[in-house]
file final_25.cif (mmCIF, C-alpha atoms)
data_entry
loop_
_atom_site.label_atom_id
_atom_site.label_comp_id
_atom_site.auth_asym_id
_atom_site.auth_seq_id
_atom_site.Cartn_x
_atom_site.Cartn_y
_atom_site.Cartn_z
CA MET A 1495 6.67 -49.21 -57.73
CA SER A 1496 5.19 -46.88 -60.29
CA SER A 1497 6.57 -46.91 -63.78
CA THR A 1498 8.28 -43.79 -65.12
CA LYS A 1499 6.94 -44.29 -68.68
CA MET A 1500 5.63 -41.03 -70.14
CA THR A 1501 2.07 -41.96 -71.04
CA PRO A 1502 -0.35 -39.20 -72.20
CA SER A 1503 -2.40 -39.56 -69.00
CA LYS A 1504 0.72 -38.94 -66.93
CA TRP A 1505 1.51 -35.83 -68.95
CA ILE A 1506 -2.01 -34.53 -68.42
CA GLU A 1507 -1.90 -35.30 -64.69
CA SER A 1508 1.49 -33.68 -64.38
CA ILE A 1509 0.51 -30.51 -66.25
CA MET A 1510 -3.00 -30.14 -64.83
CA LEU A 1511 -2.48 -31.25 -61.24
CA GLN A 1512 1.02 -31.98 -60.01
CA LEU A 1513 2.81 -28.96 -61.49
CA PRO A 1514 0.24 -26.35 -60.30
CA MET A 1515 0.10 -27.98 -56.87
CA ARG A 1516 3.87 -28.08 -56.54
CA VAL A 1517 4.43 -24.53 -57.75
CA GLY A 1518 1.43 -23.14 -55.83
CA LEU A 1519 2.16 -24.80 -52.49
CA GLY A 1520 5.94 -24.56 -52.74
CA GLY A 1521 5.83 -20.96 -53.95
CA LEU A 1522 3.46 -20.01 -51.14
CA PHE A 1523 5.74 -21.54 -48.52
CA ALA A 1524 8.84 -19.99 -50.07
CA TYR A 1525 7.15 -16.56 -50.09
CA ALA A 1526 5.95 -16.97 -46.49
CA ALA A 1527 9.47 -17.97 -45.49
CA TRP A 1528 10.96 -14.96 -47.28
CA THR A 1529 8.77 -12.52 -45.34
CA LYS A 1530 9.81 -14.16 -42.06
CA ILE A 1531 13.52 -14.39 -42.91
CA ASN A 1532 13.47 -10.67 -43.71
CA ASN A 1533 12.08 -9.89 -40.27
CA VAL A 1534 13.04 -12.58 -37.77
CA GLN A 1535 12.32 -10.18 -34.92
CA ALA A 1536 8.65 -9.77 -35.86
CA PHE A 1537 8.32 -13.54 -36.33
CA ALA A 1538 9.81 -14.14 -32.86
CA PHE A 1539 7.20 -11.76 -31.39
CA SER A 1540 4.50 -13.66 -33.30
CA ILE A 1541 5.61 -17.02 -31.91
CA LYS A 1542 5.71 -15.49 -28.42
CA GLY A 1543 2.15 -14.20 -28.95
CA PHE A 1544 0.87 -17.75 -29.47
CA LYS A 1545 1.96 -18.54 -25.89
CA ILE A 1546 2.74 -22.17 -26.65
CA VAL A 1547 5.74 -21.91 -24.32
CA ASP A 1548 6.46 -19.36 -21.62
CA ALA A 1549 8.69 -16.64 -23.08
CA ASP A 1550 10.32 -15.95 -19.70
CA THR A 1551 11.48 -19.51 -19.04
CA HIS A 1552 11.75 -20.92 -22.58
CA GLY A 1553 12.62 -17.86 -24.62
CA HIS A 1554 15.57 -19.69 -26.21
CA LEU A 1555 13.14 -22.14 -27.84
CA ILE A 1556 11.15 -19.27 -29.35
CA ILE A 1557 14.26 -17.62 -30.74
CA SER A 1558 15.56 -20.94 -32.06
CA ALA A 1559 12.22 -21.60 -33.79
CA ALA A 1560 12.16 -18.06 -35.21
CA TYR A 1561 15.47 -18.72 -36.96
CA THR A 1562 14.86 -22.35 -37.98
CA MET A 1563 11.23 -22.52 -39.14
CA PRO A 1564 11.48 -19.96 -41.97
CA TRP A 1565 14.54 -21.72 -43.42
CA VAL A 1566 12.86 -25.13 -43.25
CA GLU A 1567 9.85 -23.56 -45.02
CA MET A 1568 12.13 -21.97 -47.62
CA ILE A 1569 14.12 -25.14 -48.37
CA ALA A 1570 10.99 -27.32 -48.53
CA GLY A 1571 9.18 -24.74 -50.67
CA VAL A 1572 12.01 -24.38 -53.19
CA LEU A 1573 12.51 -28.16 -53.41
CA LEU A 1574 8.78 -28.60 -54.02
CA VAL A 1575 8.75 -26.00 -56.79
CA LEU A 1576 11.71 -27.72 -58.44
CA GLY A 1577 10.21 -31.15 -57.94
CA LEU A 1578 13.35 -32.36 -56.20
CA TRP A 1579 12.88 -34.67 -53.21
CA THR A 1580 9.19 -33.98 -53.80
CA ARG A 1581 7.76 -36.42 -51.29
CA ALA A 1582 10.22 -35.42 -48.55
CA ALA A 1583 9.50 -31.71 -49.12
CA THR A 1584 5.77 -32.39 -49.17
CA LEU A 1585 5.96 -34.39 -45.95
CA THR A 1586 7.88 -31.53 -44.29
CA ILE A 1587 5.26 -29.01 -45.39
CA GLY A 1588 2.44 -31.33 -44.35
CA LEU A 1589 3.86 -31.78 -40.85
CA MET A 1590 4.38 -28.03 -40.55
CA LEU A 1591 0.77 -27.42 -41.57
CA ILE A 1592 -0.45 -29.90 -38.95
CA PHE A 1593 1.70 -28.10 -36.35
CA PHE A 1594 0.30 -24.72 -37.48
CA ILE A 1595 -3.29 -26.01 -37.22
CA ALA A 1596 -2.59 -27.28 -33.69
CA ALA A 1597 -1.09 -23.90 -32.73
CA LEU A 1598 -4.08 -22.03 -34.21
CA LEU A 1599 -6.52 -24.27 -32.32
CA HIS A 1600 -4.54 -23.61 -29.13
CA VAL A 1601 -5.10 -19.86 -29.61
CA ILE A 1602 -8.76 -20.25 -30.61
CA PHE A 1603 -9.59 -22.37 -27.57
CA SER A 1604 -7.57 -20.25 -25.11
CA PRO A 1605 -9.63 -17.12 -24.38
CA GLU A 1606 -6.70 -15.43 -22.64
CA VAL A 1607 -4.51 -15.70 -25.77
CA ASP A 1608 -5.08 -13.05 -28.41
CA ALA A 1609 -2.54 -13.51 -31.18
CA ASP A 1610 -1.99 -12.45 -34.76
CA CYS A 1611 -1.23 -15.15 -37.28
CA SER A 1612 1.68 -13.42 -39.06
CA CYS A 1613 1.69 -16.46 -41.35
CA PHE A 1614 2.72 -14.33 -44.34
CA GLY A 1615 4.42 -11.45 -42.54
CA ASP A 1616 2.38 -8.25 -42.75
CA MET A 1617 0.29 -9.53 -45.68
CA ASN A 1618 -3.12 -11.07 -45.05
CA LEU A 1619 -3.80 -13.94 -47.44
CA VAL A 1620 -7.55 -14.66 -47.58
CA CYS A 1621 -7.92 -14.26 -43.79
CA ASP A 1622 -7.55 -11.36 -41.36
CA ALA A 1623 -4.45 -10.97 -39.21
CA ALA A 1624 -6.17 -12.06 -35.98
CA VAL A 1625 -6.16 -15.83 -35.46
CA GLY A 1626 -9.52 -17.47 -36.18
CA TRP A 1627 -11.20 -20.40 -37.90
CA CYS A 1628 -10.42 -18.88 -41.31
CA GLN A 1629 -6.73 -19.71 -40.90
CA VAL A 1630 -7.53 -23.25 -39.75
CA ILE A 1631 -9.69 -23.83 -42.84
CA ARG A 1632 -7.00 -22.28 -45.06
CA ASP A 1633 -4.38 -24.67 -43.66
CA ILE A 1634 -6.71 -27.67 -44.02
CA VAL A 1635 -7.29 -26.71 -47.68
CA MET A 1636 -3.51 -26.60 -48.15
CA LEU A 1637 -3.32 -30.17 -46.82
CA ILE A 1638 -5.26 -31.39 -49.91
CA PRO A 1639 -2.33 -30.91 -52.34
CA VAL A 1640 0.00 -32.25 -49.66
CA VAL A 1641 -1.90 -35.55 -49.53
CA TYR A 1642 -2.13 -35.72 -53.32
CA LEU A 1643 1.58 -35.06 -53.86
CA LEU A 1644 2.56 -37.58 -51.18
CA TRP A 1645 0.42 -40.14 -52.97
CA ARG A 1646 1.30 -39.38 -56.59
CA GLY A 1647 4.72 -37.73 -56.35
CA GLY A 1648 5.92 -34.70 -58.27
CA GLY A 1649 5.00 -35.91 -61.75
CA ILE A 1650 6.89 -36.04 -65.02
CA LEU A 1651 7.76 -32.34 -65.02
CA ALA A 1652 9.58 -32.60 -61.69
CA LEU A 1653 13.34 -33.10 -61.37
CA ASP A 1654 12.91 -36.37 -59.44
CA PRO A 1655 12.28 -38.61 -62.50
CA LEU A 1656 15.32 -37.08 -64.18
CA LEU A 1657 17.51 -37.98 -61.20
CA ASP A 1658 15.92 -41.44 -60.99
CA ARG A 1659 16.78 -42.11 -64.64
CA ASN A 1660 20.37 -41.01 -64.09
CA CYS A 1661 20.66 -43.18 -60.98
CA LYS A 1662 19.17 -46.18 -62.77
CA ALA A 1663 21.47 -45.68 -65.73
CA GLN A 1664 24.46 -45.59 -63.39
CA ARG A 1665 23.25 -48.72 -61.59
CA ALA A 1666 22.70 -50.53 -64.88
CA THR A 1667 26.24 -49.70 -65.98
CA GLN A 1668 27.61 -50.88 -62.65
CA ASP A 1669 25.51 -54.06 -62.75
CA SER A 1670 26.60 -54.92 -66.26
CA LYS A 1671 30.16 -54.87 -64.95
CA THR A 1672 29.46 -56.90 -61.77
CA GLY A 1673 26.77 -59.16 -63.23
CA SER A 1674 24.16 -58.50 -60.44
CA THR A 1675 20.80 -56.80 -60.93
CA LEU A 1676 18.67 -54.36 -58.93
CA ASP A 1677 14.89 -54.35 -58.75
CA ASP A 1678 12.82 -51.15 -58.98
CA ASP A 1679 13.22 -50.48 -55.24
CA GLY A 1680 16.97 -50.60 -55.57
CA ILE A 1681 17.25 -53.98 -53.79
CA ARG A 1682 20.03 -56.15 -55.19
CA GLY A 1683 18.73 -59.48 -56.40
CA MET B 1342 11.81 -48.38 -49.04
CA LYS B 1343 10.34 -45.23 -50.59
CA CYS B 1344 8.75 -44.40 -47.23
CA VAL B 1345 12.12 -44.58 -45.49
CA HIS B 1346 13.65 -42.34 -48.17
CA THR B 1347 10.84 -39.80 -47.71
CA ILE B 1348 11.27 -39.65 -43.93
CA ALA B 1349 15.06 -39.48 -44.26
CA GLY B 1350 14.68 -36.65 -46.79
CA MET B 1351 12.31 -34.80 -44.46
CA LEU B 1352 14.81 -35.07 -41.59
CA ALA B 1353 17.55 -33.85 -43.93
CA ILE B 1354 15.45 -30.79 -44.88
CA VAL B 1355 14.77 -29.99 -41.21
CA GLY B 1356 18.45 -30.43 -40.36
CA LEU B 1357 19.52 -28.24 -43.25
CA GLY B 1358 16.99 -25.62 -42.17
CA TYR B 1359 18.35 -25.71 -38.62
CA ILE B 1360 21.94 -25.32 -39.77
CA THR B 1361 20.98 -22.45 -42.08
CA GLY B 1362 19.02 -20.84 -39.24
CA VAL B 1363 22.07 -21.05 -36.95
CA GLY B 1364 24.15 -19.46 -39.70
CA HIS B 1365 21.53 -16.74 -40.09
CA SER B 1366 21.64 -15.99 -36.35
CA LEU B 1367 25.43 -15.65 -36.54
CA VAL B 1368 25.24 -13.25 -39.49
CA ARG B 1369 22.51 -11.09 -37.95
CA THR B 1370 24.08 -8.19 -36.07
CA MET B 1371 21.11 -7.18 -33.91
CA PRO B 1372 19.98 -9.85 -31.41
CA VAL B 1373 16.38 -11.04 -31.43
CA ILE B 1374 14.58 -9.94 -28.26
CA LEU B 1375 11.32 -11.17 -26.78
CA GLY B 1376 10.51 -8.32 -24.43
CA ALA B 1377 11.54 -4.98 -22.98
CA ARG B 1378 14.62 -4.80 -20.78
CA SER B 1379 12.43 -3.02 -18.24
CA MET B 1380 8.83 -1.98 -18.49
CA PRO B 1381 8.01 1.60 -17.41
CA THR B 1382 6.93 0.73 -13.87
CA SER B 1383 7.45 4.16 -12.33
CA ALA B 1384 4.35 6.25 -11.76
CA PRO B 1385 3.54 8.42 -14.76
CA LYS B 1386 4.02 12.15 -14.56
CA ALA B 1387 1.92 13.84 -11.91
CA ASP B 1388 -1.42 14.95 -13.20
CA PRO B 1389 -2.00 18.61 -12.28
CA LEU B 1390 -5.72 17.99 -12.06
CA GLN B 1391 -5.18 15.16 -9.61
CA ALA B 1392 -2.59 16.94 -7.48
CA ASP B 1393 -5.22 18.82 -5.51
CA PRO B 1394 -7.66 16.45 -3.79
CA GLN B 1395 -10.26 19.20 -3.72
CA THR B 1396 -10.41 19.27 -7.48
CA ASN B 1397 -9.53 15.65 -8.11
CA PRO B 1398 -12.21 13.85 -10.11
CA PRO B 1399 -12.83 10.26 -9.05
CA THR B 1400 -10.71 7.73 -10.94
CA ASP B 1401 -13.29 4.96 -10.82
CA PRO B 1402 -16.02 5.63 -13.37
CA GLU B 1403 -18.51 3.40 -11.52
CA GLN B 1404 -17.91 5.29 -8.31
CA GLU B 1405 -18.37 8.53 -10.13
CA GLN B 1406 -21.62 7.45 -11.68
CA ALA B 1407 -22.88 6.05 -8.39
CA SER B 1408 -22.24 9.23 -6.41
CA PRO B 1409 -22.15 12.26 -8.66
CA ASP B 1410 -22.74 14.56 -5.68
CA ALA B 1411 -19.37 13.57 -4.26
CA ASN B 1412 -17.62 15.25 -7.16
CA PRO B 1413 -16.33 18.57 -5.78
CA VAL B 1414 -15.99 20.11 -9.24
CA PRO B 1415 -18.25 23.19 -9.41
CA ALA B 1416 -21.68 22.34 -10.78
CA PRO B 1417 -22.04 23.05 -14.49
CA ASP B 1418 -24.77 25.23 -15.88
CA THR B 1419 -27.04 22.47 -17.09
CA ASP B 1420 -27.71 18.81 -16.36
CA PHE B 1421 -26.67 17.97 -19.91
CA ASP B 1422 -23.27 19.58 -19.45
CA ALA B 1423 -22.82 17.92 -16.07
CA ASP B 1424 -23.62 14.53 -17.54
CA PHE B 1425 -21.30 15.12 -20.49
CA ASP B 1426 -18.44 16.25 -18.27
CA ALA B 1427 -18.92 13.31 -15.94
CA ARG B 1428 -18.79 10.86 -18.82
CA LEU B 1429 -15.74 12.58 -20.28
CA ASP B 1430 -13.97 12.47 -16.91
CA ALA B 1431 -14.84 8.81 -16.58
CA ARG B 1432 -13.25 8.16 -19.96
CA LEU B 1433 -10.17 10.24 -19.26
CA ASP B 1434 -9.54 8.61 -15.88
CA ALA B 1435 -10.61 5.09 -16.74
CA PRO B 1436 -8.45 2.56 -14.87
CA VAL B 1437 -5.48 1.17 -16.80
CA PRO B 1438 -2.96 -1.64 -16.13
CA GLU B 1439 -0.17 -0.76 -13.70
CA GLY B 1440 2.61 1.34 -15.17
CA MET B 1441 0.56 2.54 -18.15
CA LEU B 1442 -0.83 5.99 -18.87
CA THR B 1443 -4.47 6.91 -18.42
CA LEU B 1444 -6.17 8.69 -21.27
CA ARG B 1445 -5.90 11.99 -19.40
CA GLN B 1446 -2.16 11.57 -18.81
CA ALA B 1447 -1.60 10.57 -22.43
CA HIS B 1448 -3.58 13.56 -23.66
CA GLU B 1449 -1.56 15.91 -21.46
CA MET B 1450 1.65 14.45 -22.86
CA TRP B 1451 0.23 14.94 -26.35
CA ILE B 1452 -0.42 18.60 -25.55
CA ASP B 1453 3.13 18.89 -24.18
CA GLY B 1454 4.49 17.68 -27.50
CA ALA B 1455 5.30 14.04 -26.78
CA TYR B 1456 5.75 11.76 -29.78
CA PHE B 1457 3.01 9.20 -30.30
CA VAL B 1458 3.58 5.82 -31.90
CA ASP B 1459 0.73 3.67 -33.24
CA SER B 1460 1.56 -0.04 -32.99
CA ARG B 1461 -1.63 -1.42 -34.55
CA HIS B 1462 -1.95 -2.88 -38.04
CA LYS B 1463 -1.41 -0.57 -41.02
CA TYR B 1464 -5.04 -0.74 -42.12
CA GLU B 1465 -6.16 0.25 -38.62
CA TYR B 1466 -3.68 3.14 -38.63
CA ASP B 1467 -4.87 4.26 -42.06
CA ALA B 1468 -8.49 4.22 -40.91
CA GLY B 1469 -7.71 6.54 -37.99
CA HIS B 1470 -4.91 7.34 -35.57
CA ILE B 1471 -3.98 9.89 -32.91
CA SER B 1472 -3.13 13.15 -34.59
CA GLY B 1473 0.56 13.26 -35.46
CA ALA B 1474 1.24 9.65 -34.48
CA ALA B 1475 3.85 7.64 -36.36
CA HIS B 1476 3.15 4.05 -37.41
CA LEU B 1477 5.68 1.58 -36.02
CA THR B 1478 5.13 -2.11 -35.48
CA ALA B 1479 7.49 -5.07 -35.20
CA GLU B 1480 6.67 -5.84 -38.86
CA THR B 1481 7.49 -2.34 -40.14
CA PHE B 1482 10.31 -1.52 -37.73
CA PHE B 1483 13.17 -2.66 -39.95
CA THR B 1484 11.66 -1.53 -43.24
CA ASN B 1485 12.67 1.71 -44.96
CA THR B 1486 9.35 3.28 -43.92
CA GLY B 1487 9.85 2.25 -40.31
CA GLN B 1488 13.42 3.49 -40.19
CA ALA B 1489 12.31 6.81 -41.73
CA GLU B 1490 9.70 7.16 -38.97
CA ILE B 1491 12.31 6.44 -36.30
CA GLN B 1492 14.59 9.14 -37.71
CA THR B 1493 11.89 11.72 -36.94
CA ILE B 1494 11.88 10.88 -33.21
CA PRO B 1495 14.83 12.07 -31.08
CA PRO B 1496 16.13 9.30 -28.76
CA ASP B 1497 15.65 11.41 -25.61
CA ALA B 1498 12.14 12.59 -26.50
CA PRO B 1499 9.12 11.35 -24.56
CA VAL B 1500 7.32 8.71 -26.60
CA VAL B 1501 3.85 7.32 -25.94
CA ILE B 1502 2.98 4.00 -27.61
CA TYR B 1503 -0.56 2.79 -28.05
CA CYS B 1504 -2.48 -0.04 -29.70
CA LEU B 1505 -5.92 -1.45 -28.95
CA GLY B 1506 -5.46 -1.11 -25.18
CA GLY B 1507 -6.02 -3.56 -22.35
CA ASP B 1508 -3.78 -5.84 -20.32
CA GLU B 1509 -2.62 -7.84 -23.32
CA CYS B 1510 -1.44 -4.98 -25.48
CA GLU B 1511 1.42 -7.06 -26.78
CA ALA B 1512 1.92 -4.88 -29.87
CA SER B 1513 2.74 -1.82 -27.72
CA LYS B 1514 5.07 -3.84 -25.49
CA ASN B 1515 6.88 -5.23 -28.54
CA THR B 1516 7.32 -1.77 -30.07
CA LEU B 1517 8.51 -0.45 -26.71
CA ALA B 1518 11.11 -3.24 -26.52
CA LEU B 1519 12.38 -2.43 -30.02
CA LEU B 1520 12.57 1.30 -29.28
CA GLN B 1521 14.53 0.51 -26.11
CA GLN B 1522 16.93 -1.49 -28.26
CA PHE B 1523 17.41 1.61 -30.41
CA GLY B 1524 18.34 3.70 -27.36
CA TYR B 1525 15.03 5.37 -26.54
CA THR B 1526 14.63 5.90 -22.82
CA ASP B 1527 11.54 8.01 -22.13
CA LEU B 1528 8.90 5.49 -23.20
CA ALA B 1529 5.37 4.95 -21.96
CA ILE B 1530 2.37 2.91 -23.02
CA MET B 1531 -1.13 4.34 -23.14
CA GLY B 1532 -3.26 1.88 -21.18
CA VAL B 1533 -6.42 2.44 -23.20
CA GLY B 1534 -6.73 1.94 -26.90
CA TYR B 1535 -7.16 4.25 -29.84
CA ASP B 1536 -10.93 3.71 -29.82
CA GLU B 1537 -11.15 5.26 -26.34
CA TRP B 1538 -9.09 8.25 -27.50
CA ALA B 1539 -11.37 8.80 -30.48
CA ALA B 1540 -14.53 8.25 -28.43
CA ALA B 1541 -13.41 10.98 -26.01
CA GLY B 1542 -13.33 13.40 -28.94
CA LEU B 1543 -9.57 13.89 -28.80
CA PRO B 1544 -7.68 14.88 -31.98
CA THR B 1545 -7.29 12.20 -34.63
CA ASP B 1546 -6.05 11.92 -38.19
CA SER B 1547 -6.62 9.40 -40.91
CA THR B 1548 -4.74 8.74 -44.11
CA THR B 1549 -8.06 8.51 -45.95
CA GLY B 1550 -8.56 12.24 -45.43
CA GLU B 1551 -11.22 12.32 -42.69
CA ASP B 1552 -9.71 14.18 -39.76
CA SER B 1553 -11.35 15.16 -36.53
CA PRO B 1554 -11.92 18.86 -35.89
#
call {"tool": "encode", "arguments": {"input": "final_25.cif", "output": "structure tokens"}}
result
Amino acid sequence: MSSTKMTPSKWIESIMLQLPMRVGLGGLFAYAAWTKINNVQAFAFSIKGFKIVDADTHGHLIISAAYTMPWVEMIAGVLLVLGLWTRAATLTIGLMLIFFIAALLHVIFSPEVDADCSCFGDMNLVCDAAVGWCQVIRDIVMLIPVVYLLWRGGGILALDPLLDRNCKAQRATQDSKTGSTLDDDGIRG
Amino acid sequence: MKCVHTIAGMLAIVGLGYITGVGHSLVRTMPVILGARSMPTSAPKADPLQADPQTNPPTDPEQEQASPDANPVPAPDTDFDADFDARLDARLDAPVPEGMLTLRQAHEMWIDGAYFVDSRHKYEYDAGHISGAAHLTAETFFTNTGQAEIQTIPPDAPVVIYCLGGDECEASKNTLALLQQFGYTDLAIMGVGYDEWAAAGLPTDSTTGEDSP
């Protein structure tokens, strides 16, 4: 269990690495989600264009995904920016990125499928609209902060340590009354 | 322990996203569609040039190139003109997927005053589009710009939609489905793409200021 002491190195790491990664990745996902939430219809067409499932027989799955995915992106993105549930939000975004990479590879290796990414609505971030290796590389690059944040957490400037301190303070008060103690993992000893 | 918390948190985020998505679908008034109620399968309007077999140019460009003597159209003045006309006819009558308009049929509808809708990306539209065509895609359909474009097209007017052409012209099919949802009935898709239209020397515009003659 890592200590929550505010050493200078932790401040530097938090300011130089964790905060930019959280705000950058979370903000990007929240923005991407916003463009999709504003136009669910276009996003549903985009999912259909990937031809992962047959639109005639499994259209309900496409429509369900068109409504759900942007909101999952939005919630995970906002939580990551705030530094709340950082690891859970990062894991969600990481799994979504892996799913996106798999979907992009499906289009790239299927000559009969010619789809547009529509990853950020009508805006093209770094890559063209048509699906290609550029989007795969972009998503792999986005996995770098995901791995780092899963490993190191949100940092001192996130809301997680604040909640942890409150929880620990509550536990300590409770323990002083009952006489039992909790270790760092919250296991009663 | 932390790992379990992370996975539990991830599942909570997905669940919350699903619930919010369901709520979003209930609030949204217009249903999400994945395709047109019915694709225009009826034969396009009769082509006056093709009505008379004596003056009907061959529809297969390979056939036309292989046997130019079979073309009953009166011989032009020069070989150059004959070659040019043959190539133009081949372009105009190039085969298209079933239910879609050939370039000749689309051009005739353009002359008759049909509305044209470009369903390609905005940057492609800006670089060049069929003269007078509006820009409408699934992405722009519900924006203020898209809604302003729709207001200019009467619901009972003939509308021709085009994109890059080919069997998989999903963008045109998507725009057609959305226009159907808005009550448009006389819809058709041009089977060839904008590039073919421009290559045939038919009228084009561009928002960068370079228009065709």
call {"tool": "closest_residue", "arguments": {"input": "final_25.cif", "among": "B:Leu1477, B:Ala1455, B:Ala1435, B:Leu1429", "to": "chain A", "atoms": "only C-alpha atoms"}}
result
B:Leu1477
call {"tool": "closest_atom_pairs", "arguments": {"input": "final_25.cif", "of": "chain B", "to": "chain A", "cutoff": "6 Å", "atoms": "only C-alpha atoms", "output": "tab-separated table"}}
result
residue	atom	partner	partner_atom	distance
B:Thr1347	CA	A:Ala1582	CA	4.5
B:Gly1350	CA	A:Ala1582	CA	4.9
B:Met1351	CA	A:Ala1582	CA	4.6
B:Val1355	CA	A:Val1566	CA	5.6
B:Gly1358	CA	A:Val1566	CA	4.3
B:Tyr1359	CA	A:Thr1562	CA	4.9
B:Gly1362	CA	A:Thr1562	CA	4.6
B:Val1373	CA	A:Gln1535	CA	5.4
B:Ala1479	CA	A:Ala1536	CA	4.9
B:Glu1480	CA	A:Ala1536	CA	5.3
call {"tool": "closest_residue", "arguments": {"input": "final_25.cif", "among": "B:His1476, B:Arg1378, B:Arg1369, B:Arg1432", "to": "Ala1489 in chain B", "atoms": "all atoms listed in the file"}}
result
B:His1476
call {"tool": "resolve_selection", "arguments": {"input": "final_25.cif", "expression": "the PyMOL selection byres ((chain B and resi 1504) around 7)", "output": "JSON, numbers by chain"}}
result
{"B": [1459, 1460, 1461, 1503, 1505, 1506, 1510, 1512, 1513, 1534, 1535]}
call {"tool": "write_last_selection", "arguments": {"input": "final_25.cif", "atoms": "C-alpha atoms", "output": "PDB file, in the frame of the given file"}}
result
ATOM      1  CA  ASP B1459       0.730   3.670 -33.240  1.00  0.00           C
ATOM      2  CA  SER B1460       1.560  -0.040 -32.990  1.00  0.00           C
ATOM      3  CA  ARG B1461      -1.630  -1.420 -34.550  1.00  0.00           C
ATOM      4  CA  TYR B1503      -0.560   2.790 -28.050  1.00  0.00           C
ATOM      5  CA  LEU B1505      -5.920  -1.450 -28.950  1.00  0.00           C
ATOM      6  CA  GLY B1506      -5.460  -1.110 -25.180  1.00  0.00           C
ATOM      7  CA  CYS B1510      -1.440  -4.980 -25.480  1.00  0.00           C
ATOM      8  CA  ALA B1512       1.920  -4.880 -29.870  1.00  0.00           C
ATOM      9  CA  SER B1513       2.740  -1.820 -27.720  1.00  0.00           C
ATOM     10  CA  GLY B1534      -6.730   1.940 -26.900  1.00  0.00           C
ATOM     11  CA  TYR B1535      -7.160   4.250 -29.840  1.00  0.00           C
TER      12      TYR B1535
END
call {"tool": "residues_around", "arguments": {"input": "final_25.cif", "residues": "Tyr1525 in chain B", "least_positions_apart": "3", "cutoff": "9 Å", "atoms": "only C-alpha atoms", "output": "PyMOL selection string"}}
result
chain B and resi 1495-1500+1517+1519-1522+1528
call {"tool": "closest_residue", "arguments": {"input": "final_25.cif", "among": "B:Leu1433, B:Ile1354, B:Val1368, B:Ile1374", "to": "Leu1574 in chain A", "atoms": "only C-alpha atoms"}}
result
B:Ile1354
call {"tool": "atom_distance", "arguments": {"input": "final_25.cif", "atom1": "CA of Leu1578 in chain A", "atom2": "CA of Ala1524 in chain A"}}
result
14.5 Å
call {"tool": "residues_near_point", "arguments": {"input": "final_25.cif", "point": "(9.9, -31.4, -57.5)", "cutoff": "12 Å", "atoms": "only C-alpha atoms", "output": "compact mmCIF listing (two decimals) with C-alpha atoms, in the frame of the given file"}}
result
# COMPACT_ATOMS: atom_id res chain seq x y z
CA SER A 1508 1.49 -33.68 -64.38
CA GLN A 1512 1.02 -31.98 -60.01
CA LEU A 1513 2.81 -28.96 -61.49
CA PRO A 1514 0.24 -26.35 -60.30
CA MET A 1515 0.10 -27.98 -56.87
CA ARG A 1516 3.87 -28.08 -56.54
CA VAL A 1517 4.43 -24.53 -57.75
CA GLY A 1518 1.43 -23.14 -55.83
CA LEU A 1519 2.16 -24.80 -52.49
CA GLY A 1520 5.94 -24.56 -52.74
CA GLY A 1521 5.83 -20.96 -53.95
CA ILE A 1569 14.12 -25.14 -48.37
CA ALA A 1570 10.99 -27.32 -48.53
CA GLY A 1571 9.18 -24.74 -50.67
CA VAL A 1572 12.01 -24.38 -53.19
CA LEU A 1573 12.51 -28.16 -53.41
CA LEU A 1574 8.78 -28.60 -54.02
CA VAL A 1575 8.75 -26.00 -56.79
CA LEU A 1576 11.71 -27.72 -58.44
CA GLY A 1577 10.21 -31.15 -57.94
CA LEU A 1578 13.35 -32.36 -56.20
CA TRP A 1579 12.88 -34.67 -53.21
CA THR A 1580 9.19 -33.98 -53.80
CA ARG A 1581 7.76 -36.42 -51.29
CA ALA A 1582 10.22 -35.42 -48.55
CA ALA A 1583 9.50 -31.71 -49.12
CA THR A 1584 5.77 -32.39 -49.17
CA LEU A 1643 1.58 -35.06 -53.86
CA LEU A 1644 2.56 -37.58 -51.18
CA ARG A 1646 1.30 -39.38 -56.59
CA GLY A 1647 4.72 -37.73 -56.35
CA GLY A 1648 5.92 -34.70 -58.27
CA GLY A 1649 5.00 -35.91 -61.75
CA ILE A 1650 6.89 -36.04 -65.02
CA LEU A 1651 7.76 -32.34 -65.02
CA ALA A 1652 9.58 -32.60 -61.69
CA LEU A 1653 13.34 -33.10 -61.37
CA ASP A 1654 12.91 -36.37 -59.44
CA PRO A 1655 12.28 -38.61 -62.50
CA LEU A 1656 15.32 -37.08 -64.18
CA LEU A 1657 17.51 -37.98 -61.20
call {"tool": "residues_around", "arguments": {"input": "final_25.cif", "residues": "Gly1532 in chain B", "least_positions_apart": "2", "cutoff": "12 Å", "atoms": "only C-alpha atoms", "output": "VMD selection string"}}
result
chain B and resid 1381 1385 1432 to 1448 1501 to 1511 1513 to 1514 1529 to 1530 1534 to 1538
call {"tool": "atom_distance", "arguments": {"input": "final_25.cif", "atom1": "CA of Ala1540 in chain B", "atom2": "CA of Tyr1464 in chain B"}}
result
18.9 Å
call {"tool": "resolve_selection", "arguments": {"input": "final_25.cif", "expression": "the PyMOL selection byres ((chain B and resi 1470) around 8)", "output": "CSV table (one decimal) with C-alpha atoms, in the coordinates of the input"}}
result
chain,number,residue,atom,x,y,z
B,1459,ASP,CA,0.7,3.7,-33.2
B,1465,GLU,CA,-6.2,0.2,-38.6
B,1466,TYR,CA,-3.7,3.1,-38.6
B,1467,ASP,CA,-4.9,4.3,-42.1
B,1468,ALA,CA,-8.5,4.2,-40.9
B,1469,GLY,CA,-7.7,6.5,-38.0
B,1471,ILE,CA,-4.0,9.9,-32.9
B,1472,SER,CA,-3.1,13.2,-34.6
B,1474,ALA,CA,1.2,9.6,-34.5
B,1535,TYR,CA,-7.2,4.2,-29.8
B,1545,THR,CA,-7.3,12.2,-34.6
B,1546,ASP,CA,-6.0,11.9,-38.2
B,1547,SER,CA,-6.6,9.4,-40.9
